[in-house]
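What follows is structure05.txt (compact mmCIF, C-alpha atoms).
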```txt
# COMPACT_ATOMS: atom_id res chain seq x y z
CA MET A 14 43.85 -4.88 -5.68
CA PHE A 15 42.50 -7.72 -3.56
CA LYS A 16 41.03 -5.16 -1.19
CA SER A 17 39.02 -3.36 -3.85
CA ALA A 18 37.79 -6.66 -5.25
CA LEU A 19 36.67 -7.53 -1.73
CA ILE A 20 34.85 -4.23 -1.36
CA GLY A 21 33.15 -4.93 -4.66
CA LEU A 22 32.21 -8.42 -3.51
CA LEU A 23 30.80 -7.00 -0.29
CA SER A 24 28.79 -4.43 -2.21
CA MET A 25 27.44 -7.26 -4.32
CA LEU A 26 26.40 -9.13 -1.19
CA ALA A 27 24.90 -5.97 0.25
CA VAL A 28 22.85 -5.42 -2.89
CA LEU A 29 21.60 -8.99 -2.72
CA VAL A 30 21.10 -9.29 1.01
CA LEU A 31 19.97 -5.84 2.09
CA PRO A 32 16.31 -5.78 1.17
CA GLN A 33 14.55 -2.70 -0.08
CA ALA A 34 11.49 -1.27 1.62
CA ALA A 35 10.04 -0.58 -1.82
CA GLN A 36 9.23 -4.29 -1.97
CA ALA A 37 7.07 -4.46 1.14
CA GLU A 38 3.65 -5.98 0.46
CA TYR A 39 0.96 -3.34 -0.17
CA ALA A 40 -0.81 -2.28 3.07
CA ASP A 41 1.65 -3.92 5.51
CA VAL A 42 1.71 -1.67 8.59
CA VAL A 43 4.85 -1.25 10.70
CA ILE A 44 3.85 -0.17 14.22
CA ASN A 45 6.70 1.32 16.21
CA ASN A 46 5.41 3.87 18.72
CA TYR A 47 7.08 2.16 21.67
CA ALA A 48 8.66 -1.14 20.56
CA ASP A 49 12.13 0.20 19.66
CA ALA A 50 12.34 2.16 22.89
CA ALA A 51 11.52 -1.00 24.84
CA GLY A 52 14.17 -3.02 22.97
CA MET A 53 11.66 -5.06 20.91
CA ARG A 54 11.57 -5.25 17.12
CA PRO A 55 8.69 -3.16 15.72
CA ALA A 56 5.39 -5.00 15.12
CA VAL A 57 4.35 -5.69 11.52
CA PHE A 58 0.64 -6.04 10.73
CA PRO A 59 -0.16 -7.67 7.36
CA HIS A 60 -3.52 -6.37 6.03
CA TRP A 61 -3.55 -8.85 3.14
CA TYR A 62 -3.34 -11.85 5.47
CA HIS A 63 -6.12 -10.62 7.75
CA ARG A 64 -8.51 -9.43 5.02
CA ILE A 65 -8.55 -12.94 3.57
CA ARG A 66 -10.04 -14.02 6.92
CA PHE A 67 -11.95 -10.97 8.16
CA ARG A 68 -13.79 -8.02 6.59
CA CYS A 69 -12.53 -4.54 7.45
CA LYS A 70 -15.67 -4.07 9.56
CA VAL A 71 -14.53 -6.58 12.20
CA CYS A 72 -11.44 -4.56 13.11
CA HIS A 73 -12.33 -1.04 12.07
CA ALA A 74 -15.92 -0.96 13.38
CA ASP A 75 -16.32 -3.74 16.01
CA LEU A 76 -12.85 -3.58 17.53
CA GLY A 77 -12.43 0.18 17.08
CA PHE A 78 -9.10 0.28 15.20
CA LYS A 79 -8.81 3.85 13.86
CA PHE A 80 -7.78 4.33 10.22
CA LYS A 81 -4.32 5.60 11.13
CA ALA A 82 -1.01 3.76 11.29
CA GLY A 83 0.22 4.12 14.87
CA GLY A 84 -2.95 6.00 15.78
CA ASN A 85 -4.31 3.39 18.17
CA LYS A 86 -1.51 3.59 20.76
CA ILE A 87 -1.41 -0.21 21.09
CA THR A 88 0.52 -1.60 24.08
CA MET A 89 1.01 -5.12 25.45
CA ALA A 90 -1.07 -4.25 28.53
CA LYS A 91 -4.05 -3.52 26.27
CA ILE A 92 -3.38 -6.64 24.15
CA ILE A 93 -3.42 -9.07 27.09
CA ASP A 94 -6.56 -7.26 28.27
CA GLY A 95 -8.29 -8.49 25.07
CA LYS A 96 -8.13 -5.22 23.16
CA PHE A 97 -6.75 -4.59 19.63
CA CYS A 98 -4.64 -7.56 18.46
CA GLY A 99 -5.53 -9.25 21.76
CA ALA A 100 -9.18 -9.57 20.71
CA CYS A 101 -8.08 -12.45 18.48
CA HIS A 102 -4.50 -13.34 19.39
CA ASN A 103 -5.66 -15.00 22.59
CA GLY A 104 -5.24 -18.71 21.86
CA GLU A 105 -8.88 -19.02 20.77
CA ILE A 106 -9.43 -17.23 17.47
CA SER A 107 -5.71 -17.20 16.69
CA TRP A 108 -2.39 -18.12 18.27
CA SER A 109 -1.69 -16.26 21.50
CA VAL A 110 0.68 -13.51 22.63
CA GLU A 111 3.61 -15.63 23.75
CA ASN A 112 4.58 -15.85 20.06
CA CYS A 113 6.37 -12.52 20.34
CA GLY A 114 8.45 -12.97 17.17
CA MET A 115 5.43 -13.47 14.93
CA CYS A 116 4.28 -9.87 15.48
CA HIS A 117 7.57 -8.28 16.51
CA SER A 118 9.25 -9.16 13.23
CA GLY A 119 10.21 -5.72 11.85
CA ILE A 120 13.72 -4.47 11.19
CA PRO A 121 14.73 -2.42 14.27
CA GLY A 122 14.47 1.30 13.61
CA THR A 123 11.74 1.04 10.94
CA PRO A 124 9.34 3.95 11.53
CA THR A 125 5.57 3.57 11.96
CA GLN A 126 4.19 3.56 8.45
CA ILE A 127 1.80 1.88 6.04
CA HIS A 128 3.75 0.42 3.12
CA GLY A 129 3.27 0.63 -0.64
CA SER A 130 0.93 3.61 -0.21
CA THR A 131 0.24 6.08 -3.01
CA VAL A 132 1.74 8.92 -0.94
CA GLN A 133 4.88 6.88 -0.24
CA ARG A 134 5.33 6.25 -3.96
CA LEU A 135 4.97 9.85 -5.13
CA VAL A 136 8.14 11.33 -6.59
CA ALA A 137 8.01 14.36 -4.27
CA PRO A 138 7.42 13.60 -0.60
CA THR A 139 4.10 15.02 0.54
CA TYR A 140 3.90 13.67 4.07
CA LYS A 141 6.43 16.32 5.04
CA SER A 142 4.52 19.24 3.60
CA LEU A 143 1.36 17.91 5.23
CA SER A 144 2.91 17.72 8.68
CA LYS A 145 4.39 21.23 8.57
CA PRO A 146 3.01 23.27 11.46
CA LYS A 147 0.09 25.45 10.39
CA PRO A 148 0.69 29.20 10.71
CA ALA A 149 -0.89 30.65 13.83
CA LYS A 150 -4.10 32.56 13.20
CA MET B 2 44.05 -1.02 -11.80
CA LYS B 3 42.38 -1.09 -8.38
CA ILE B 4 39.53 1.00 -9.66
CA LYS B 5 39.11 -1.38 -12.58
CA TYR B 6 38.71 -4.34 -10.24
CA PHE B 7 36.26 -2.45 -8.14
CA PHE B 8 34.08 -1.57 -11.10
CA LEU B 9 34.32 -5.09 -12.41
CA SER B 10 32.94 -6.52 -9.20
CA VAL B 11 30.24 -3.87 -8.98
CA LEU B 12 29.26 -4.82 -12.52
CA VAL B 13 29.04 -8.44 -11.41
CA ALA B 14 26.93 -7.29 -8.49
CA ALA B 15 24.60 -5.44 -10.79
CA THR B 16 24.23 -8.44 -13.07
CA PHE B 17 23.47 -10.61 -10.08
CA THR B 18 20.79 -8.23 -8.89
CA VAL B 19 19.17 -8.13 -12.28
CA VAL B 20 19.26 -11.91 -12.63
CA GLY B 21 18.70 -12.85 -8.98
CA GLY B 22 16.18 -10.22 -7.97
CA ASN B 23 14.17 -10.88 -11.06
CA ALA B 24 13.35 -14.52 -10.57
CA GLN B 25 9.71 -13.74 -9.75
CA ALA B 26 9.51 -10.19 -11.01
CA ALA B 27 6.93 -9.40 -13.62
CA GLN B 28 8.85 -6.43 -14.97
CA ALA B 29 12.54 -5.92 -15.50
CA PRO B 30 14.04 -3.15 -13.36
CA ILE B 31 14.94 -0.01 -15.26
CA LYS B 32 18.63 0.15 -16.02
CA GLN B 33 20.17 3.56 -15.54
CA VAL B 34 21.55 4.37 -18.95
CA LYS B 35 24.60 6.58 -18.97
CA SER B 36 26.38 8.10 -21.91
CA ALA B 37 28.58 5.52 -23.58
CA LYS B 38 31.65 7.70 -23.49
CA GLY B 39 31.09 8.75 -19.89
CA LYS B 40 31.74 12.38 -20.75
CA VAL B 41 28.29 13.58 -19.83
CA SER B 42 27.74 14.32 -16.16
CA GLY B 43 26.52 11.40 -14.06
CA ALA B 44 23.57 13.61 -13.13
CA ASN B 45 21.97 12.98 -16.50
CA VAL B 46 20.89 9.41 -15.97
CA PHE B 47 17.98 8.10 -18.02
CA ASN B 48 15.33 7.57 -15.35
CA ARG B 49 16.12 10.03 -12.63
CA LEU B 50 12.87 9.63 -10.70
CA LEU B 51 11.04 6.54 -11.96
CA LYS B 52 10.37 4.12 -9.10
CA LYS B 53 9.63 0.52 -9.97
CA GLU B 54 9.16 -2.52 -7.85
CA LYS B 55 11.88 -5.07 -8.36
CA GLN B 56 9.76 -7.89 -7.10
CA ARG B 57 5.99 -8.12 -6.66
CA ASN B 58 4.58 -9.72 -3.51
CA ALA B 59 8.04 -10.37 -2.04
CA PRO B 60 8.17 -13.01 0.72
CA PRO B 61 8.57 -11.51 4.25
CA PRO B 62 12.32 -12.20 4.69
CA GLU B 63 13.07 -10.27 1.47
CA ASP B 64 10.56 -7.43 1.66
CA GLY B 65 12.69 -4.82 3.42
CA ILE B 66 10.54 -4.37 6.52
CA HIS B 67 10.75 -7.85 8.13
CA ASP B 68 13.97 -8.73 9.93
CA PRO B 69 15.46 -11.93 8.41
CA ALA B 70 17.40 -12.40 11.67
CA ASN B 71 14.10 -12.99 13.51
CA ASP B 72 13.01 -16.65 13.55
CA GLY B 73 9.31 -15.75 13.38
CA THR B 74 9.86 -13.97 10.05
CA HIS B 75 10.52 -17.31 8.35
CA VAL B 76 7.28 -18.79 9.68
CA LEU B 77 5.16 -16.01 8.14
CA GLN B 78 3.30 -16.90 4.95
CA PRO B 79 4.62 -15.48 1.66
CA PRO B 80 1.74 -13.57 -0.04
CA LEU B 81 2.12 -15.36 -3.40
CA ILE B 82 1.25 -18.70 -1.82
CA ALA B 83 -1.96 -17.25 -0.37
CA TYR B 84 -2.88 -15.47 -3.62
CA ASP B 85 -2.66 -18.61 -5.75
CA GLY B 86 -5.86 -18.90 -7.78
CA LEU B 87 -7.17 -15.41 -6.95
CA PRO B 88 -8.02 -13.02 -9.84
CA LYS B 89 -5.19 -10.57 -10.59
CA THR B 90 -4.91 -6.80 -11.07
CA GLU B 91 -2.05 -4.49 -11.99
CA PHE B 92 -1.82 -2.58 -8.70
CA GLY B 93 -1.90 -2.80 -4.91
CA ASN B 94 -1.65 -6.40 -3.75
CA TYR B 95 -2.08 -7.35 -7.45
CA VAL B 96 -5.24 -9.15 -6.34
CA ASP B 97 -8.78 -8.20 -7.40
CA TRP B 98 -10.39 -8.42 -3.96
CA VAL B 99 -13.87 -7.44 -5.19
CA LYS B 100 -13.95 -10.17 -7.83
CA ALA B 101 -12.41 -12.75 -5.49
CA LEU B 102 -15.22 -12.09 -3.01
CA ASN B 103 -18.01 -12.08 -5.62
CA ASP B 104 -16.72 -15.30 -7.19
CA GLY B 105 -16.84 -16.95 -3.77
CA LEU B 106 -13.07 -17.58 -3.70
CA LEU B 107 -12.81 -15.81 -0.34
CA LYS B 108 -15.16 -15.86 2.58
CA PRO B 109 -13.82 -13.41 5.13
CA ARG B 110 -15.82 -13.21 8.36
CA TYR B 111 -18.14 -10.23 8.97
CA ASP B 112 -18.30 -11.21 12.62
CA ARG B 113 -15.23 -12.03 14.69
CA PHE B 114 -16.65 -15.32 16.02
CA ASP B 115 -19.54 -16.40 13.80
CA PRO B 116 -18.63 -17.35 10.21
CA THR B 117 -22.31 -17.48 9.17
CA VAL B 118 -23.13 -13.78 9.74
CA GLU B 119 -23.88 -12.09 6.39
CA PRO B 120 -22.88 -8.46 5.75
CA LEU B 121 -25.44 -5.68 5.50
CA VAL B 122 -25.04 -4.91 1.79
CA MET B 123 -26.57 -1.81 0.21
CA ASP B 124 -26.67 -1.50 -3.59
CA LEU B 125 -26.73 2.26 -4.24
CA ASP B 126 -24.54 3.92 -6.85
CA ILE B 127 -23.66 7.60 -6.44
CA VAL B 128 -22.57 9.39 -9.62
CA ARG B 129 -20.30 12.38 -9.22
CA GLU B 130 -19.89 14.53 -12.31
CA VAL B 131 -16.29 15.46 -12.84
CA LYS B 132 -15.49 18.98 -14.02
CA ALA B 133 -12.50 17.76 -15.99
CA SER B 134 -12.25 15.55 -19.09
CA MET B 135 -12.01 12.37 -17.01
CA PRO B 136 -15.04 10.04 -17.09
CA ASP B 137 -17.50 10.73 -14.25
CA VAL B 138 -16.98 8.97 -10.93
CA VAL B 139 -19.37 6.25 -9.84
CA PHE B 140 -19.21 5.45 -6.14
CA PRO B 141 -20.75 1.98 -5.67
CA HIS B 142 -22.07 1.28 -2.15
CA LYS B 143 -22.21 -2.46 -2.92
CA PRO B 144 -18.52 -3.46 -2.84
CA HIS B 145 -17.97 -1.06 0.06
CA THR B 146 -20.72 -2.41 2.27
CA GLN B 147 -19.55 -5.96 1.51
CA TRP B 148 -16.32 -5.14 3.35
CA LEU B 149 -17.11 -2.18 5.58
CA HIS B 150 -19.74 -0.88 7.97
CA CYS B 151 -21.72 2.32 7.28
CA SER B 152 -20.07 3.86 10.35
CA ASN B 153 -16.63 3.44 8.78
CA CYS B 154 -17.53 6.26 6.34
CA HIS B 155 -20.63 8.03 7.71
CA PRO B 156 -20.54 10.67 9.03
CA LYS B 157 -16.81 11.10 9.75
CA ILE B 158 -15.45 10.80 6.18
CA PHE B 159 -18.63 11.51 4.17
CA ILE B 160 -21.92 13.20 5.12
CA PRO B 161 -24.54 10.67 3.92
CA GLN B 162 -26.14 13.03 1.45
CA ARG B 163 -25.58 13.37 -2.28
CA LYS B 164 -23.36 16.37 -3.23
CA ALA B 165 -22.87 17.33 0.42
CA ASN B 166 -19.20 16.48 0.23
CA VAL B 167 -16.41 18.33 -1.52
CA ILE B 168 -14.11 15.74 -3.08
CA ASN B 169 -11.19 16.32 -5.43
CA MET B 170 -8.13 14.45 -6.60
CA SER B 171 -5.60 16.41 -4.55
CA ALA B 172 -7.42 15.53 -1.34
CA ILE B 173 -7.62 11.87 -2.39
CA LEU B 174 -3.92 11.70 -3.24
CA LEU B 175 -3.06 13.17 0.16
CA GLY B 176 -5.08 10.48 1.92
CA GLN B 177 -8.38 12.25 2.56
CA LYS B 178 -11.95 11.32 1.44
CA CYS B 179 -11.70 8.25 -0.84
CA GLY B 180 -7.94 8.39 -0.14
CA VAL B 181 -8.43 7.39 3.49
CA CYS B 182 -8.56 3.81 2.14
CA HIS B 183 -7.65 4.00 -1.56
CA GLY B 184 -3.88 4.31 -1.76
CA LYS B 185 -3.39 2.63 1.60
CA VAL B 186 -5.32 -0.64 1.88
CA SER B 187 -7.98 -0.78 -0.84
CA PHE B 188 -6.77 -0.41 -4.44
CA PRO B 189 -4.32 2.51 -4.90
CA ILE B 190 -4.32 5.53 -7.23
CA THR B 191 -2.18 4.71 -10.25
CA THR B 192 -2.48 5.28 -13.99
CA LYS B 193 -3.88 1.78 -14.33
CA SER B 194 -6.60 2.23 -11.68
CA CYS B 195 -8.09 5.64 -12.65
CA THR B 196 -10.98 4.07 -14.56
CA LYS B 197 -12.06 1.91 -11.63
CA CYS B 198 -13.52 5.09 -10.08
CA HIS B 199 -13.80 7.18 -13.24
CA SER B 200 -16.05 4.60 -14.85
CA LYS B 201 -18.98 6.52 -16.41
CA PRO B 202 -18.10 7.89 -19.87
CA LYS B 203 -18.86 11.55 -20.56
CA PRO B 204 -21.78 12.35 -22.93
CA ALA B 205 -20.67 12.31 -26.59
CA ASP B 206 -21.10 16.11 -26.95
CA TRP B 207 -19.08 16.93 -23.81
CA LYS B 208 -16.31 19.50 -24.23
CA PRO B 209 -13.89 20.67 -21.55
CA PRO B 210 -14.94 24.09 -20.21
CA LYS B 211 -12.52 26.88 -21.17
CA SER B 212 -10.69 28.61 -18.36
CA GLU B 213 -11.26 32.33 -17.66
CA ALA B 214 -7.67 33.13 -18.57
CA SER B 215 -8.21 31.60 -21.98
CA LEU B 216 -11.56 33.35 -22.63
CA LYS B 217 -10.16 36.76 -21.64
CA ASN B 218 -6.81 36.31 -23.37
CA PRO B 219 -6.22 39.57 -25.35
CA TRP B 220 -3.57 37.92 -27.56
CA ARG B 221 -6.03 35.54 -29.25
```
As a first step, turn the structure in this file into structure tokens.
Amino acid sequence: MFKSALIGLLSMLAVLVLPQAAQAEYADVVINNYADAAGMRPAVFPHWYHRIRFRCKVCHADLGFKFKAGGNKITMAKIIDGKFCGACHNGEISWSVENCGMCHSGIPGTPTQIHGSTVQRLVAPTYKSLSKPKPAK
Amino acid sequence: MKIKYFFLSVLVAATFTVVGGNAQAAQAPIKQVKSAKGKVSGANVFNRLLKKEKQRNAPPPEDGIHDPANDGTHVLQPPLIAYDGLPKTEFGNYVDWVKALNDGLLKPRYDRFDPTVEPLVMDLDIVREVKASMPDVVFPHKPHTQWLHCSNCHPKIFIPQRKANVINMSAILLGQKCGVCHGKVSFPITTKSCTKCHSKPKPADWKPPKSEASLKNPWR
């Protein structure tokens, strides 16, 4: 009896504590091409926070970020070289790279994805049908 | 007896979620309504597929993608604090970014270093007649060029020539054409946002064209 009450209590805690991805802020990007494999938490890029400070043009035209989550193959070597996030997170425009936990703040195992997207919210998953291999011609 | 206790505590859990998770929520989560007598199969719940956000603009430690065990997570700014005073919408970040910019509430940089550089704004509306009953689409260059550069769209996403591009809703919903941005970062496609794009009413005498199958239907 005590045991089942405990399980119930745990499930209550789980419901309260375990967050749901459905609540992620619209346009937050989880970037996890390499981080998990290297034992780091995935990086989380908040669009809302940056667009208050910069227009899209700064990143997507001047700095060459492609419009694709995970599509820029960002690595730390490129960042400390002043590319991608490193164009600003260099101690001059913004705080610098030694603040690992500010960017690497994702839950381990979270896949590369943009959150709150229309496709993600559809009732039937369409990413899957899109990524099916095309029949050979 | 055991089972009873279990259900009792799950019930408590559910109540807690409804009460706790709802502190900032604008809408109550949908309760799954089951038959009172419990004789009907559990498969026949009320909302089988409706997805609703429990909490809008959740702070990073509670949003499901940030790890609360990471110290940095708690230093990140919760969106609601930043959005205070910005005009609201019913979708996306729940912020009207276009209005916020036009009202001078935001001044995002157009140049990485120099805050005084002004964007190259072009005020050219492109009307696209829609075959269906929806109002026609007006594509305004103005709000786009306030945020973006011409090269963000031309020529990779759109050939810069009226009617040179085939656009339809299925492509947009799958993340192509307008859907490269809308539905990902700029305002999304939801029932409440249709008229942002479909903004030019059809002429009063407009009627939906009849489909071939209907015109050739031998039974009518």
query: Using all atoms listed in the file, can you list as a list in words the residues within 12 Å of (9.1, 4.4, -7.7)?
result: Gln33, Ala34, Ala35, Gln36, Gly129, Ser130, Thr131, Val132, Gln133, Arg134, Leu135, Val136, Ala137 and Pro138 of chain A; Pro30, Ile31, Asn48, Arg49, Leu50, Leu51, Lys52, Lys53, Glu54, Lys55 and Thr191 of chain B
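CA of Ala59 (chain B) sits 6.8 Å away from CA of Ala37 (chain A).
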task: Tell me which of A:Pro124, A:Pro59, A:Gly104, A:Gly119 sits closest to chain B, counting all atoms listed in the file.
output: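 Checking each of A:Pro124, A:Pro59, A:Gly104, A:Gly119 against chain B, counting all atoms listed in the file, the winner is A:Gly119.
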task: Kindly extract all protein, DNA and RNA residues lying within 12 Å of the coordinates (1.4, -18.1, -5.2) given in the file, considering only C-alpha atoms, and supply them as a list in words.
output: Gln25, Arg57, Asn58, Ala59, Pro60, Gln78, Pro79, Pro80, Leu81, Ile82, Ala83, Tyr84, Asp85, Gly86, Leu87, Pro88, Lys89, Tyr95 and Val96 of chain B
- prompt: CA of Cys72 (chain A) to CA of Arg113 (chain B): how many Å, to one decimal?
  reply: 8.5 Å
- prompt: In terms of the shortest atom-to-atom distance over all atoms listed in the file, which of B:Asp112, B:Glu91, B:Asp104, B:Asp97 is closest to chain A?
  reply: B:Asp112
